[in-house]
Structure formats: C-alpha cells, structure tokens
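J.: Sharing a structure, written as structure tokens. Questions coming.
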2 protein chains.
Amino acid sequence: MASLLQLADTYQQYHNASGIKGFPPELYTPVEYIMALGGKRARPVLCLAACDLFDGNIQQALPLAYALELFHNFTLVHDDIMDQAPLRRGHHTVHKQFGMPRAILSGDVMMIYVYEYFKHLPDKAFREVINVFNQSAIQVCEGQQLDMNFEAREQVAQHEYLQMITYKTAVLLGASLQIGGIVAGASETDQKALYKVGVDTGIAFQIQDDILDSFGDEASFGKSIGGDIRQNKKTYLLVRALELATGEDKAQLEYYLHAPDVDPEQKVATVKQIYKQLQVTVKAEEVRQQYHKSAVEALNSIEVGSTKLEPLLEYINSLFERKV
Amino acid sequence: MASLLQLADTYQQYHNASGIKGFPPELYTPVEYIMALGGKRARPVLCLAACDLFDGNIQQALPLAYALELFHNFTLVHDDIMDQAPLRRGHHTVHKQFGMPRAILSGDVMMIYVYEYFKHLPDKAFREVINVFNQSAIQVCEGQQLDMNFEAREQVAQHEYLQMITYKTAVLLGASLQIGGIVAGASETDQKALYKVGVDTGIAFQIQDDILDSFGDEASFGKSIGGDIRQNKKTYLLVRALELATGEDKAQLEYYLHAPDVDPEQKVATVKQIYKQLQVTVKAEEVRQQYHKSAVEALNSIEVGSTKLEPLLEYINSLFERKV
C-alpha cells in the first residue's frame with residue numbers, strides 16, 4: 001500500500017498536468033482559476049486510497065479522482081454565487097473575479113466534463129461509477145437546497161440538520177471511496193463499507209467544523225472565529241441550542257438571532273456563553289465521536305488485513321486531531 | 001413511418017407523465033415549472049423521428065428525447081439568469097419566479113438528471129449517446145460564452161457569428177437526430193448525415209429568426225419586432241451591416257449603436273432602413289436558403305427510401321414557411 005502522502009503527490013502531479021482547456025478562453029479561464037486555488041484534495045485522495053486498498057490500477061483511478069475534484073469545485077463555484085460569498089481560500093470567488101454569468105457557465109461546463117473523465121472505464125465499471133456518482137451529485141444539490149431552506153427557518157430538527165450535511169457534504173466523500181473501490185473490483189459488501197466510511201467521516205468532520213467555527217483556535221482553523229454565529233448559520237450547535245434553551249437563555253438567543261443592530265462581538269460572546277451553559281459543545285463532540293467511531297468500524301470491516309487499512313485509518317484520524 | 005404529429009403526441013404524453021420529483025420541493029418545483037412552459041419540443045421530436053426512420057424502438061428513444069428537452073430547458077434557465085431576462089414564453093423566467101439561487105441549483109440538478117435518462121440503453125449505445133451528447137453540451141456552453149463575448153465587441157466576423165449560432169443552437173439539434181439514429185442502430189454514415197441535417201437546419205432557423213426579429217409580422221412571430229435592434233444584438237443582419245456599411249450609413253449605424261438616449265422607435269426604423277439599403281436581408285435570406293438546401297441534401301443522402309424521409313422533410317420545410 002502506498003502512503004497517502006505518496007497518493008496525494010501522485011494526484012497533485014496528475015492534477016497539475018490536467019485541466020479543461022478550450023475556446024473561448026473566457027469560458028475556461030475561470031475553470032483553471034478555481035482548480036488552481038488548492039484545498040485538501042480530500043475526494044481524489046480518498047478515491048485513490050480506496051483503489052490502492054484492493055491493489056487496483058491507480059492510473060485508471062486518476063481521471064476519476066480528477067472528475068470528483070472537478071465536481072466538488074463546480075459546486076463551490078455555484079454555491080458561492082448563491083451564498084454571495086466574496087472570498088474562497090483567501091482569493092476572490094469566481095463570480096467576484098470573472099462576473100456572475102461566466103461563473104454560472106464555467107460551472108456548467110465543468111459539470112459536463114465530469115462525465116468525460118469516466119469514459120475510459122470498461123463497461124461494467126463505467127455504469128457503476130455513473131450510478132454512484134449521479135446519486136451523490138443529485139443529493140449534493142438537494143443538500144444545498146436544504147441548507148438554503150434552513151437559513152429562512154426559525155427551527156430545524158437535529159435529524160433534518162444531519163440529513164442536510166449528509167447530502168451537502170458527506171455523500172460525495174462516500175462516493176469518492178466507493179468509486180475508487182469500483183475501479184479496483186471491490187465486492188459489493190466492501191463498496192458499501194467504503195461508502196459508509198466516507199459518509200460517517202464527512203458527518204463527523206462537518207460537526208467538528210461547526211464546533212471549531214465557534215470555539216476553535218483562529219490561527220489553526222484558518223477562518224475568523226464566530227462567523228457562523230454572526231451569520232445565524234444553522235449549525236449543529238445552534239440547532240441543539242434552539243432545541244434545549246428555555247427561559248432567559250431562549251430569550252437571549254432569540255434576541256441575538258433577530259436584533260438588527262446588535263454588536264457582532266457581543267453577539268458571538270453571548271451566544272458562545274449560552275452554548276456552554278446548555279452544554280451543546282459537549283453534546284456535539286459526543287455525536288462527532290460516534291460518527292468517527294462508526295467510520296472506523298466500517299473501515300475495519302473490510303477484509304484486506306490491518307496493515308493495508310493503516311494509511312486510510314491514519315488519514316481519517318488525522319482529520320480529527322484539530323483540538324478545540 | 002409514424003407522422004411527426006403522432007410522434008409529437010407520443011412525446012408529449014411521455015413528457016406529461018414524466019418529471020423529476022424529489023425532496024426538497026424547493027429544488028424540484030422550478031424544474032416542473034420550466035418543463036411545463038411549453039415550446040416546440042423540437043429536440044424530442046427530431047430524436048423520435050430519426051429513430052423511427054430506421055424502424056427503431058420508440059419506447060427506448062422516449063427517455064432520450066426527454067433528456068434532450070431537459071438539457072435544453074436547463075440551458076434556458078441558466079441563460080435567462082445570465083441575460084437577466086424577465087420573461088420566457090410569456091411567463092416569468094425561473095429566476096424571476098423563484099429567485100436566482102434556486103434557478104441556478106434547479107438547473108444544476110436537471111443537468112445531472114440528463115445522464116439518468118441514458119442509463120437504460122445497452123452498453124454500446126449508452127457510450128455512443130454520451131459521446132455525442134457531451135460534445136454538443138460542451139459546445140452549447142462555448143456558444144453561450146461566444147454570444148456573451150460578442151455583446152461586448154464592436155465588430156464580429158461572419159464566420160465567428162456562424163460558429164456561435166452553430167454551437168449555441170444548431171449542434172444540439174444535430175445531436176438530437178443522431179441520438180435517435182444511434183438507438184435505432186443507424187450506420188455511422190447515416191448518423192453523420194442525421195447530425196448534419198440538424199446542424200444545418202439549426203443554422204438556417206437561427207438566421208431566419210434574425211430576419212424575422214427585424215422584418216417579421218408581429219402577430220405570427222410572437223415577439224415584438226425590433227427587439228434585437230433595440231438591444232444591439234449581434235445578429236446576422238448587424239454583423240453583415242457592420243461589415244458592409246461605409247460613409248453615411250456607417251456613421252448612422254455607429255451613432256445608433258452607441259447613443260445613450262436614442263428614441264427606440266426611430267432607432268429600429270433607421271437601422272432597418274440601413275439594412276435594406278445594404279441588402280443584408282437579401283444576403284441573409286440567401287445564406288439561410290443555402291443551409292436549408294444543405295440540410296435537405298443531407299437528409300436525402302440517407303438510404304431508407306423517399307417515403308420514409310417524407311415526414312422529416314416536411315417538418316424541416318415547415319420551419320421555413322414563416323414569411324417576412
């Protein structure tokens with residue numbers, strides 16, 4: 001088994017040498033721009049790692065890894081328009097840099113190209129990959145719509161929040177692992193386990209992200225702390241707090257969610273205080289641990305021997321080393 | 001051979017019974033809305049007609065016909081955002097009706113679903129359809145970008161204009177016919193001929209549309225006359241006029257293209273007068289006829305007997321019966 005650092009390096013070399021080029025440049029420059037912005041490349045690395053787990057052909061998996069990164073970046077381009085986000089990874093978002101029409105259209109062409117990167121597969125794998133990909137891609141759109149719906153709602157149930165992050169974020173990680181397994185000829189049982197590894201890891205990661213956005217260390221988190229609170233984002237913490245708050249806590253929470261001219265620093269400080277009183281951070285950390293544990297169990301159910309599983313296990317655990 | 005009216009009816013029944021449904025409704029209601037707005041259903045009808053030409057299985061072609069209509073409507077939803085169009089077929093555009101974020105996202109999910117409608121095909125046809133579809137879908141995006149580029153340019157060459165309308169409009173008509181042929185097992189030669197029939201018909205139709213927008217009969221054209229002139233749209237007429245105009249004509253044309261507070265009625269009347277003087281309508285009509293003729297020749301090259309070709313031939317000719 002190759003180390004994940006080696007696979008990440010192999011992927012990045014392929015990524016740098018690839019790219020959708022064509023005419024007119026106004027359509028393809030934004031694609032080049034977003035694909036060069038960086039990021040963890042989690043989906044490609046998971047895809048290659050799953051392929052390697054079953055001694056699959058990494059060369060055959062590389063175009064699929066690229067397709068998954070292309071799709072992920074397409075969703076970022078369009079989501080940033082919908083969210084009116086000015087910055088992505090410290091740079092202008094695509095619509096800020098190139099204007100909204102080109103951002104929409106470049107995203108569209110990326111989406112079509114995803115399927116071009118599936119075409120080298122043999123018939124059976126070709127179909128299986130399209131099946132798994134389409135299901136997840138549709139759910140990613142549904143998850144984004146749920147996220148937008150929740151912004152306009154007063155209350156969101158815990159299970160609704162979990163469905164939203166599963167669709168919006170987690171299923172594509174599951175699909176990335178499963179697609180790597182498909183290329184390597186993994187059994188259906190192992191494919192299902194791989195999918196579960198990705199989905200549960202994704203849910204755990206998103207809950208951790210929610211915690212860190214309010215309680216993380218600004219330097220290591222890489223974003224300013226309290227952004228979610230300032231924007232009234234329906235995070236796991238807020239969803240649970242709205243569920244549990246009563247009396248004075250509830251009144252204060254409602255006030256800060258609706259007051260138009262509230263001081264942002266005071267809002268962040270007060271809402272964090274309420275979160276602590278209600279112990280929602282502790283509860284969130286418990287749920288995060290459950291999903292993390294469930295992902296590890298699913299991984300260990302794959303019968304390839306623990307030595308082979310080690311790199312993926314380490315990778316997953318490394319995602320949760322960031323401390324509050 | 002079924003008559004095209006029968007095929008159109010068969011398609012419409014399938015269309016009405018189909019539809020992408022799912023959760024959350026906020027994502028799928030806009031899809032239902034645009035797919036119910038009507039239109040000529042040209043792409044589905046061409047697809048079914050091509051299939052029927054080779055005695056293919058219409059039941060197998062119907063989901064593909066629907067996929068082509070879905071893709072076409074996806075491009076309308078996103079193009080209307082880019083063009084900031086308020087109306088489509090006499091109704092609010094999707095972004096006017098449901099807001100821009102939902103219009104972007106509903107378009108995205110339509111695009112993914114296109115590939116779901118290809119999945120029932122046997123392996124060989126599945127690959128061939130994806131190949132033909134992807135190439136055209138990518139070109140549709142490239143054509144839309146060229147169209148946007150041209151809006152910002154002073155001068156556009158005739159061949160550039162023809163490339164733009166070929167990509168933006170014509171190739172998908174070609175692909176619709178070719179995909180119908182693929183399902184019916186048409187030879188590669190016949191597939192190429194079908195594609196050419198669609199592309200040349202599409203080019204001829206767009207040039208006719210450009211002529212009618214300035215010189216048509218308002219009632220039968222269904223849009224207000226002169227819209228392209230009012231918006232400085234780079235139509236075939238304007239492209240040729242800018243190429244041919246000299247002296248006073250050129251000065252007047254430049255004036256009306258750039259003057260900020262010009263009376264729209266006077267602008268339309270004067271530009272039409274210049275078009276007449278330069279005979280660009282006559283030239284446009286000549287080019288339209290060439291493409292129409294070339295489409296008919298390509299159709300007649302298909303060796304299935306003239307009786308079988310009759311309905312498609314009639315359909316194509318009927319597109320050009322609208323008189324100036």
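Every chain in the structure tokens takes a letter, A first, then B, and so on in the order presented; its residues are numbered from 1, and the ligands are numbered from 1 following the presented order.
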Distance limit 9 Å, atoms considered: only C-alpha atoms. Which chain B residues sit that close to chain A? Return them as number ranges by chain.

T.: B: 22-24, 26-27, 78-79, 81-83, 100-102, 104-106, 108-109, 111-113, 115-116, 119, 123-124, 127, 130-131, 134, 137-138, 141-146, 148-149

J.: Show which residues sit within 10 Å of His91 (chain A), as a PyMOL selection string. Count only C-alpha atoms, and ignore same-chain residues fewer than 5 positions away.

T.: chain A and resi 34+37+86+96-97

J.: Extract, using only C-alpha atoms, all DNA, RNA and protein residues at most 9 Å from region 271-273 of chain B, discarding same-chain residues fewer than 6 positions from it, and format them as JSON, numbers by chain.

T.: {"B": [214, 215, 226, 229, 238, 252, 253, 256]}

J.: How many Å lie between CA of Leu172 (chain B) and CA of Asp209 (chain B), rounded to one decimal?

T.: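 Value for the CA of Leu172 (chain B)-CA of Asp209 (chain B) distance: 17.0 Å.
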
J.: Would you mind listing what lies within 12 Å of Leu242 (chain A) as an MDAnalysis selection string, with only C-alpha atoms counted and same-chain residues fewer than 5 positions away left out?

T.: chainID A and resid 153:158 232 234:237 247 249:254 257 271 274:275 278 280

J.: For Glu32 (chain A), list every protein, DNA or RNA residue within 10 Å, evaluated using only C-alpha atoms, and leave out those in the same chain fewer than 6 positions away; present the list as an MDAnalysis selection string.

T.: chainID A and resid 18:21 106
